[in-house]
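Read the structure below first, then the notes.
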Amino acid sequence: MSLDIASVQDQLARSYRERGCDANVATMTIVVFFDNPAIGELARERIHRLSSKHPSRVIVLDATAPDSVHRVDGCDWIELGAREIGPEMLRAAVAALRVTEAPVVLLWIAPGIGTDPRFESLCEDAQTIVYNSSLLDSGHGALRELVCYLDERRDLPIADIAYLRLAPWQECVAIFFDGDAVGELADLERVEIACGSEPEALYLLGWLASRLQWTPSAPEVLVNPQGKEIVFSIDRQGEPRRIARVALSSSHSTFVAEADASQETILLSVSGSREHGPRYRAIENPGIAALVERAILWGHNDRLFAASLAAAGKIIARGEG
Amino acid sequence: MADDAIATVTPAGDGAASNPLREGLPADQITNPCSAVFFGASGDLFKRMLLPALYSMRLRGTLPTDFALVGFARRDYTDESFREYCRQQLDLFMPAEKKPQGALWDDFARRISYIAADFNNTKHFVDLKNRLAQNDRELGTCGNHLFYLSTPPPVFPVIIKHLKEAGLERDSEGWTRIVVEKPFGTDLASARTLQRAIEAVFPENEIYRIDHYLGKEPVQDIIALRFANTIFEPIWNRNYVASVQITSAESLGVEERGGYYDHAGALRDMIQNHVINLLALVAMEPPISSDADDIRSEKYKVLSAIAPPPHEDVWAMSARGQYGAGSIDGRPVKAYRQEADVAPDSNTETFAAAKLYIENWRWAGVPFYLRSGKRLPRKVSEIAVTFKPIPHRFYGDTTDSIEPNVLVIKIEPDEGISMRFEAKVPGPKEHIRSVYMDFSYGTGFGVQSPPAYERLIGDAIAGDQTLFTRWDAVERAWEIVTPILEVWQNTKDFSFPNYAAGSQGPESAKKLFADWRHL
């Protein structure tokens, strides 16, 4: 199977002429790959929003459509059917259609990053790769795939939307242990996370483990550097891709961060010897387009993410025996 | 990743390092619990700028979760009615999506209290002390107290005196900081008097002299532009730069500030602080580090190298103006002397311009043009660095002018950087035309810059003085403008009003800028 790239380029040139576009002002090329029509529609809508803000050339690789289908909308929106296109041809198409001298951002919204040679091929020319592990699988399958793949490709400039969603929760958990309360960290013995999908919960747990040097010693048990055990649980509860509650307990105190029903505010409460009056923090739910934007601008070179992911991988591996 | 250890991130080694969970997180969250006391909380600055900044910080999650706000002013509010007043002001001055509501507002509101006070009565400051102690106990503010002076300046020394008398200058185990709004004095002598009053109570490292211009993102970016790039610094000197112009123009008049403004004028209100601060950032030498005092020392050094114009040269090196009636955006506006609370024969300038020279190795001979005015055609703040013309012309149609390169740092309303350079017009002829490379913060980073007050209040709570002006620089700025002030004050300008509202300013300014070339 092959794509008629020359025909697409002709259409692109014609579109430029007809619309009177004198010059290309795209700041990047966004390549979107999906193999699920529902996800595809969602992705189109979000990327349209993103490209209206940051002038971009968008190349939609629709693996649900046959390769005979291609279309150019406007000056810079290209749709290619990619159901039966091989990895090298896909890469060649992107190389021919991308804006030269501007970075390529790959949004891979499909399973199989460790096994699909098309992902490997498209990564070659991408400066940033954006993944969304919890959109693909509310269990931990997609996350495990990412862990395994990155174990081989540690330098891959990738960001996971599921991790980027954690920011307000990381802040809230950190707040508990500011000042004198920092000593409680060494005394923690239980962590409970309620979440609508597993990747966010595992990332949060992985972040805690990487920061506090906890290592998994058994399924649902971590151990700190002093040998103290921390029992953890992840309860599937609430909307997918949203954390509902995080509770951390030491021998003297319990620290709870809990989202309200509208997912707009987190209530922080502490009981026990560290008792503290209620505090609130806003959850900025920036929406997927803004998260993708954040991933492109900031998220792909984050050492904290890499450490959290690696730790989450260890926890998954231990849990699976 | 090795099997036997989970990856960790190396501690950042900063002040927050005691909590390992803070390391590596975005530094947006300010972790210092505190009570912030706003003197003059019933005033305009508080309701329009400070309160919205605080609530916006709460919404962004940058304000410490253990925070308390204490209003301290003459008006007769109770805690409850002041909370309601705050909610009404936020309804007025916050965008629709940020209106006060829900659990977040309820939590913010319960942290607000008020003391109806006479600034001359020590008893009310003792009441304040008790309230702060109560906040420390009940709201977890840990004895950290921020005093924000947002009253008219004549009240500053009175407040400071009573803070000391009530034992509030250092009454707890936490920190105490005082934020002083501009203007810092009305001339050199009054600034020194105010400084003596403050330093008798607070050490310099607890004094935060605010100039909200310095909180604007493009102003902070001047340092990044100069010192995080290699292409600018080699040409940032007298060998390549022909002139630097710093403009802060407004289309607004004095609005409701006639009473204050008629005693201040453009030179005091804008040039002595905002504009000279910008000059210092543009012209200073590279600091040895990003520490607040290293940067502030370089700013002071470059200001020290500016020779105040001798009295006899003031007219040759400065220009002043006052707006008459005219039109802005197609609608008629009245003359300055017809504004509320302005004297009908006012000699106060609403436009000020000055040409200064920095007498050091880098800048000798390069004119720095400073300009600020009200009722000019549009609001614009920018710094234009004009480079020297090419040394020899051999290219292009001789009827085309070849303009010098100009780097423009745009501060407001657009935030960004623009570079003008010459390019060949497409076609067989060798025509030359100016073109522009533009960078805009909005599209470059995809985020809006937070308002300046958010940044500055946050820095004061976090204890970072980088964006606040140190006394030596304030004093030096007054020394630089003092000869101009003295000559202007002692000379009645019978030509006032000498520019029409909506025009580019007085003719005398055009003469002053005659050798300046920037479109």
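Residues are named by chain letter and number: chains run A, B, ... in the order of the structure tokens, numbers start at 1 in each chain, and ligands are numbered from 1 in the order shown.
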Set out as a tab-separated table a contact list for chain A and chain B with a cut-off of 7 Å, giving each residue of chain A that qualifies its closest atom pair and distance in Å to one decimal, counting only C-alpha atoms, ordered by chain and rising residue number.
residue	atom	partner	partner_atom	distance
A:His54	CA	B:Thr443	CA	6.3
A:Asp151	CA	B:Met1	CA	6.7
A:Ala174	CA	B:Leu21	CA	5.2
A:Phe177	CA	B:Asn19	CA	6.4
A:Asp178	CA	B:Asn19	CA	5.9
A:Val182	CA	B:Asn19	CA	5.7
A:Ser210	CA	B:Thr8	CA	4.8
A:Arg211	CA	B:Thr8	CA	5.9
A:Gln213	CA	B:Ile6	CA	6.6
A:Thr215	CA	B:Ile6	CA	6.3
A:Thr265	CA	B:Leu104	CA	6.8
A:Arg279	CA	B:Thr65	CA	6.1
A:Tyr280	CA	B:Leu104	CA	6.1
A:Arg281	CA	B:Gly61	CA	6.0
A:Ala282	CA	B:Leu59	CA	5.5
A:Arg303	CA	B:Val9	CA	6.9
A:Leu304	CA	B:Gly24	CA	6.2
A:Ala307	CA	B:Ala7	CA	4.9
A:Ala310	CA	B:Ala7	CA	6.4
A:Ala311	CA	B:Ile6	CA	5.4
Those residues you just picked out, can you put them in a file as a PDB file, in the first residue's frame with N, CA and C atoms?
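selection.pdb was written with the following content:
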ATOM      1  N   HIS A  54      -1.842  28.099  18.590  1.00  0.00           N
ATOM      2  CA  HIS A  54      -0.457  28.066  18.121  1.00  0.00           C
ATOM      3  C   HIS A  54      -0.491  27.657  16.647  1.00  0.00           C
ATOM      4  N   ASP A 151      12.095   1.820  29.209  1.00  0.00           N
ATOM      5  CA  ASP A 151      13.238   1.131  29.780  1.00  0.00           C
ATOM      6  C   ASP A 151      14.316   0.932  28.719  1.00  0.00           C
ATOM      7  N   ALA A 174       2.251  17.686  49.134  1.00  0.00           N
ATOM      8  CA  ALA A 174       3.464  18.358  49.632  1.00  0.00           C
ATOM      9  C   ALA A 174       3.125  19.322  50.766  1.00  0.00           C
ATOM     10  N   PHE A 177       3.319  18.320  54.421  1.00  0.00           N
ATOM     11  CA  PHE A 177       4.594  18.020  55.082  1.00  0.00           C
ATOM     12  C   PHE A 177       5.563  19.201  55.062  1.00  0.00           C
ATOM     13  N   ASP A 178       5.013  20.404  54.871  1.00  0.00           N
ATOM     14  CA  ASP A 178       5.842  21.601  54.982  1.00  0.00           C
ATOM     15  C   ASP A 178       6.169  21.850  56.449  1.00  0.00           C
ATOM     16  N   VAL A 182       7.456  17.798  58.311  1.00  0.00           N
ATOM     17  CA  VAL A 182       8.283  16.993  57.410  1.00  0.00           C
ATOM     18  C   VAL A 182       8.700  15.672  58.066  1.00  0.00           C
ATOM     19  N   SER A 210       9.413   7.697  44.614  1.00  0.00           N
ATOM     20  CA  SER A 210      10.689   8.196  44.102  1.00  0.00           C
ATOM     21  C   SER A 210      11.235   9.306  44.988  1.00  0.00           C
ATOM     22  N   ARG A 211      10.357  10.125  45.532  1.00  0.00           N
ATOM     23  CA  ARG A 211      10.822  11.210  46.391  1.00  0.00           C
ATOM     24  C   ARG A 211      11.323  10.688  47.729  1.00  0.00           C
ATOM     25  N   GLN A 213      12.196   7.516  48.465  1.00  0.00           N
ATOM     26  CA  GLN A 213      13.054   6.337  48.321  1.00  0.00           C
ATOM     27  C   GLN A 213      12.400   5.086  48.898  1.00  0.00           C
ATOM     28  N   THR A 215      10.777   1.484  48.262  1.00  0.00           N
ATOM     29  CA  THR A 215      10.881   0.420  47.258  1.00  0.00           C
ATOM     30  C   THR A 215       9.795  -0.626  47.517  1.00  0.00           C
ATOM     31  N   THR A 265     -12.304  21.761  43.679  1.00  0.00           N
ATOM     32  CA  THR A 265     -11.591  22.128  44.904  1.00  0.00           C
ATOM     33  C   THR A 265     -11.124  20.870  45.621  1.00  0.00           C
ATOM     34  N   ARG A 279      -8.235  23.236  54.998  1.00  0.00           N
ATOM     35  CA  ARG A 279      -7.640  24.131  53.990  1.00  0.00           C
ATOM     36  C   ARG A 279      -8.155  23.702  52.627  1.00  0.00           C
ATOM     37  N   TYR A 280      -8.163  24.656  51.714  1.00  0.00           N
ATOM     38  CA  TYR A 280      -8.689  24.355  50.381  1.00  0.00           C
ATOM     39  C   TYR A 280      -7.679  24.747  49.310  1.00  0.00           C
ATOM     40  N   ARG A 281      -7.715  24.015  48.248  1.00  0.00           N
ATOM     41  CA  ARG A 281      -6.893  24.383  47.099  1.00  0.00           C
ATOM     42  C   ARG A 281      -7.715  24.156  45.844  1.00  0.00           C
ATOM     43  N   ALA A 282      -7.583  25.092  44.902  1.00  0.00           N
ATOM     44  CA  ALA A 282      -8.324  24.945  43.646  1.00  0.00           C
ATOM     45  C   ALA A 282      -7.673  23.861  42.794  1.00  0.00           C
ATOM     46  N   ARG A 303      12.469  15.455  34.810  1.00  0.00           N
ATOM     47  CA  ARG A 303      13.133  14.361  35.527  1.00  0.00           C
ATOM     48  C   ARG A 303      12.226  13.760  36.601  1.00  0.00           C
ATOM     49  N   LEU A 304      11.360  14.613  37.156  1.00  0.00           N
ATOM     50  CA  LEU A 304      10.431  14.119  38.162  1.00  0.00           C
ATOM     51  C   LEU A 304       9.466  13.107  37.544  1.00  0.00           C
ATOM     52  N   ALA A 307      11.324   9.841  36.973  1.00  0.00           N
ATOM     53  CA  ALA A 307      11.513   9.101  38.222  1.00  0.00           C
ATOM     54  C   ALA A 307      10.192   8.494  38.704  1.00  0.00           C
ATOM     55  N   ALA A 310       9.291   5.520  36.487  1.00  0.00           N
ATOM     56  CA  ALA A 310      10.115   4.345  36.785  1.00  0.00           C
ATOM     57  C   ALA A 310       9.646   3.675  38.076  1.00  0.00           C
ATOM     58  N   ALA A 311       9.321   4.507  39.064  1.00  0.00           N
ATOM     59  CA  ALA A 311       8.856   3.952  40.336  1.00  0.00           C
ATOM     60  C   ALA A 311       7.506   3.256  40.162  1.00  0.00           C
TER      61      ALA A 311
END
Would you pick out the contacts of Ile113 (chain A) at 12 Å or less, using only C-alpha atoms, so that residues sharing its chain but fewer than 4 positions from it are not included, and give the list as a PyMOL selection string?
chain A and resi 33-34+107-109+117-123+129-133+136+141-150+153+158
Running DSSP on the backbone, which parts of region 144-283 of chain A land in strand (DSSP E or B), as a PyMOL selection string?
chain A and resi 158-160+188-195+215-218+221-223+229-236+243-250+253-259+265-272+276-282
Near-region 480-490 of chain B list (12 Å; only C-alpha atoms; drop same-chain fewer than 3 positions) as a VMD selection string
chain B and resid 186 to 191 263 to 273 275 to 276 302 to 321 346 to 349 352 to 358 370 473 to 477 493 to 494
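Residues of region 100-141 of chain A that DSSP places in alpha helix (DSSP H), based on the backbone of this structure, are Pro117, Arg118, Phe119, Glu120, Ser121, Leu122, Cys123, Ser133, Ser134, Leu135, Leu136 and Gly141 of chain A.
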Selected residues written out, C-alpha atoms, as a CSV table (one decimal), in the first residue's frame:
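Result file follows (part-v4.csv):
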chain,number,residue,atom,x,y,z
A,117,PRO,CA,6.6,-0.4,14.5
A,118,ARG,CA,4.7,2.7,13.3
A,119,PHE,CA,5.2,4.3,16.7
A,120,GLU,CA,8.9,3.6,16.6
A,121,SER,CA,9.1,5.0,13.1
A,122,LEU,CA,7.2,8.2,13.8
A,123,CYS,CA,9.2,8.9,16.9
A,133,SER,CA,-2.0,6.3,29.2
A,134,SER,CA,-5.3,6.7,31.0
A,135,LEU,CA,-7.3,7.6,27.9
A,136,LEU,CA,-6.3,4.3,26.3
A,141,GLY,CA,-1.9,-1.8,30.7
With only C-alpha atoms as the counted atoms, please give the residues lying no more than 9 Å from Arg238 (chain B), apart from itself and same-chain residues fewer than 2 positions off, as a PyMOL selection string.
chain B and resi 235-236+240-243+361-366
Please identify all polymer residues within 12 Å of His48 (chain A), counting only C-alpha atoms, omitting same-chain residues fewer than 2 positions from it, and present them as a PyMOL selection string.
chain A and resi 30+32+40-46+50-60+73-74+76-78+288-290+292
Since we have the selection now, will you write its residues out, keeping N, CA and C atoms, as a compact mmCIF listing (two decimals), in the first residue's frame?
# COMPACT_ATOMS: atom_id res chain seq x y z
N ILE A 30 2.06 19.23 14.09
CA ILE A 30 1.47 18.28 15.04
C ILE A 30 1.02 17.05 14.26
N VAL A 32 -0.87 13.53 14.55
CA VAL A 32 -1.78 12.81 15.44
C VAL A 32 -2.04 11.43 14.87
N GLY A 40 -10.57 9.51 17.73
CA GLY A 40 -10.18 10.38 16.62
C GLY A 40 -10.98 11.67 16.58
N GLU A 41 -12.30 11.55 16.78
CA GLU A 41 -13.14 12.76 16.76
C GLU A 41 -12.75 13.71 17.89
N LEU A 42 -12.54 13.09 19.05
CA LEU A 42 -12.13 13.89 20.22
C LEU A 42 -10.80 14.59 19.94
N ALA A 43 -9.88 13.83 19.38
CA ALA A 43 -8.54 14.38 19.12
C ALA A 43 -8.61 15.53 18.12
N ARG A 44 -9.42 15.35 17.08
CA ARG A 44 -9.54 16.41 16.07
C ARG A 44 -10.01 17.71 16.71
N GLU A 45 -11.04 17.57 17.56
CA GLU A 45 -11.62 18.78 18.17
C GLU A 45 -10.58 19.47 19.06
N ARG A 46 -9.84 18.69 19.84
CA ARG A 46 -8.84 19.28 20.76
C ARG A 46 -7.67 19.90 19.99
N LEU A 50 -6.07 23.67 19.79
CA LEU A 50 -4.66 23.95 20.02
C LEU A 50 -4.02 24.69 18.84
N SER A 51 -4.37 24.24 17.63
CA SER A 51 -3.72 24.85 16.45
C SER A 51 -4.29 26.23 16.15
N SER A 52 -5.49 26.52 16.70
CA SER A 52 -5.98 27.89 16.53
C SER A 52 -5.17 28.85 17.39
N LYS A 53 -4.65 28.33 18.47
CA LYS A 53 -3.87 29.18 19.37
C LYS A 53 -2.41 29.26 18.94
N HIS A 54 -1.84 28.10 18.59
CA HIS A 54 -0.46 28.07 18.12
C HIS A 54 -0.49 27.66 16.65
N PRO A 55 -0.30 28.59 15.74
CA PRO A 55 -0.40 28.23 14.32
C PRO A 55 0.46 26.99 14.03
N SER A 56 -0.16 25.97 13.54
CA SER A 56 0.53 24.68 13.37
C SER A 56 0.08 24.01 12.07
N ARG A 57 0.95 23.21 11.51
CA ARG A 57 0.51 22.28 10.47
C ARG A 57 0.10 21.00 11.19
N VAL A 58 -1.10 20.52 10.89
CA VAL A 58 -1.60 19.32 11.55
C VAL A 58 -1.66 18.19 10.52
N ILE A 59 -1.04 17.08 10.85
CA ILE A 59 -1.12 15.89 9.99
C ILE A 59 -1.84 14.81 10.79
N VAL A 60 -3.08 14.53 10.40
CA VAL A 60 -3.87 13.52 11.10
C VAL A 60 -3.66 12.18 10.41
N ASP A 73 -7.59 20.39 4.44
CA ASP A 73 -8.55 21.41 4.86
C ASP A 73 -7.80 22.67 5.21
N GLY A 74 -8.21 23.77 4.63
CA GLY A 74 -7.54 25.02 4.93
C GLY A 74 -6.11 24.95 4.43
N ASP A 76 -3.41 24.31 6.37
CA ASP A 76 -2.45 23.51 7.12
C ASP A 76 -3.03 22.30 7.84
N TRP A 77 -4.17 21.82 7.41
CA TRP A 77 -4.75 20.64 8.08
C TRP A 77 -4.81 19.51 7.06
N ILE A 78 -4.04 18.47 7.31
CA ILE A 78 -3.94 17.37 6.35
C ILE A 78 -4.47 16.09 7.01
N ILE A 288 -8.02 18.94 28.05
CA ILE A 288 -7.01 18.15 27.35
C ILE A 288 -6.15 19.00 26.42
N ALA A 289 -6.78 19.98 25.75
CA ALA A 289 -6.00 20.81 24.83
C ALA A 289 -4.91 21.56 25.59
N ALA A 290 -5.27 22.08 26.76
CA ALA A 290 -4.28 22.81 27.55
C ALA A 290 -3.20 21.87 28.09
N VAL A 292 -2.18 19.12 26.58
CA VAL A 292 -1.30 18.82 25.44
C VAL A 292 -0.35 20.00 25.23
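For the residues A:Ile283, A:Val231, A:Ala194, A:Leu185, ranking by smallest atom-to-atom distance to His252 (chain A) using only C-alpha atoms places A:Leu185 first.
The shell of residues at most 7 Å from region 220-225 of chain B, with only C-alpha atoms counted and near chain neighbours (fewer than 4 positions) removed, consists of Leu214, Lys216, Asn229, Leu281 and Val282 of chain B.
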Export of the given selection (N, CA and C atoms) as a PDB file, in the first residue's frame:
ATOM      1  N   LEU B 214       8.061  46.446  37.946  1.00  0.00           N
ATOM      2  CA  LEU B 214       9.098  45.413  37.991  1.00  0.00           C
ATOM      3  C   LEU B 214       8.508  44.008  38.070  1.00  0.00           C
ATOM      4  N   LYS B 216       6.133  43.019  36.077  1.00  0.00           N
ATOM      5  CA  LYS B 216       5.634  42.642  34.749  1.00  0.00           C
ATOM      6  C   LYS B 216       6.628  41.691  34.083  1.00  0.00           C
ATOM      7  N   ASN B 229      21.261  34.898  26.453  1.00  0.00           N
ATOM      8  CA  ASN B 229      21.525  34.811  25.012  1.00  0.00           C
ATOM      9  C   ASN B 229      22.936  35.308  24.748  1.00  0.00           C
ATOM     10  N   LEU B 281      17.828  48.207  34.512  1.00  0.00           N
ATOM     11  CA  LEU B 281      17.856  46.829  34.031  1.00  0.00           C
ATOM     12  C   LEU B 281      18.481  46.728  32.638  1.00  0.00           C
ATOM     13  N   VAL B 282      18.214  47.716  31.810  1.00  0.00           N
ATOM     14  CA  VAL B 282      18.744  47.685  30.446  1.00  0.00           C
ATOM     15  C   VAL B 282      20.251  47.927  30.437  1.00  0.00           C
TER      16      VAL B 282
END
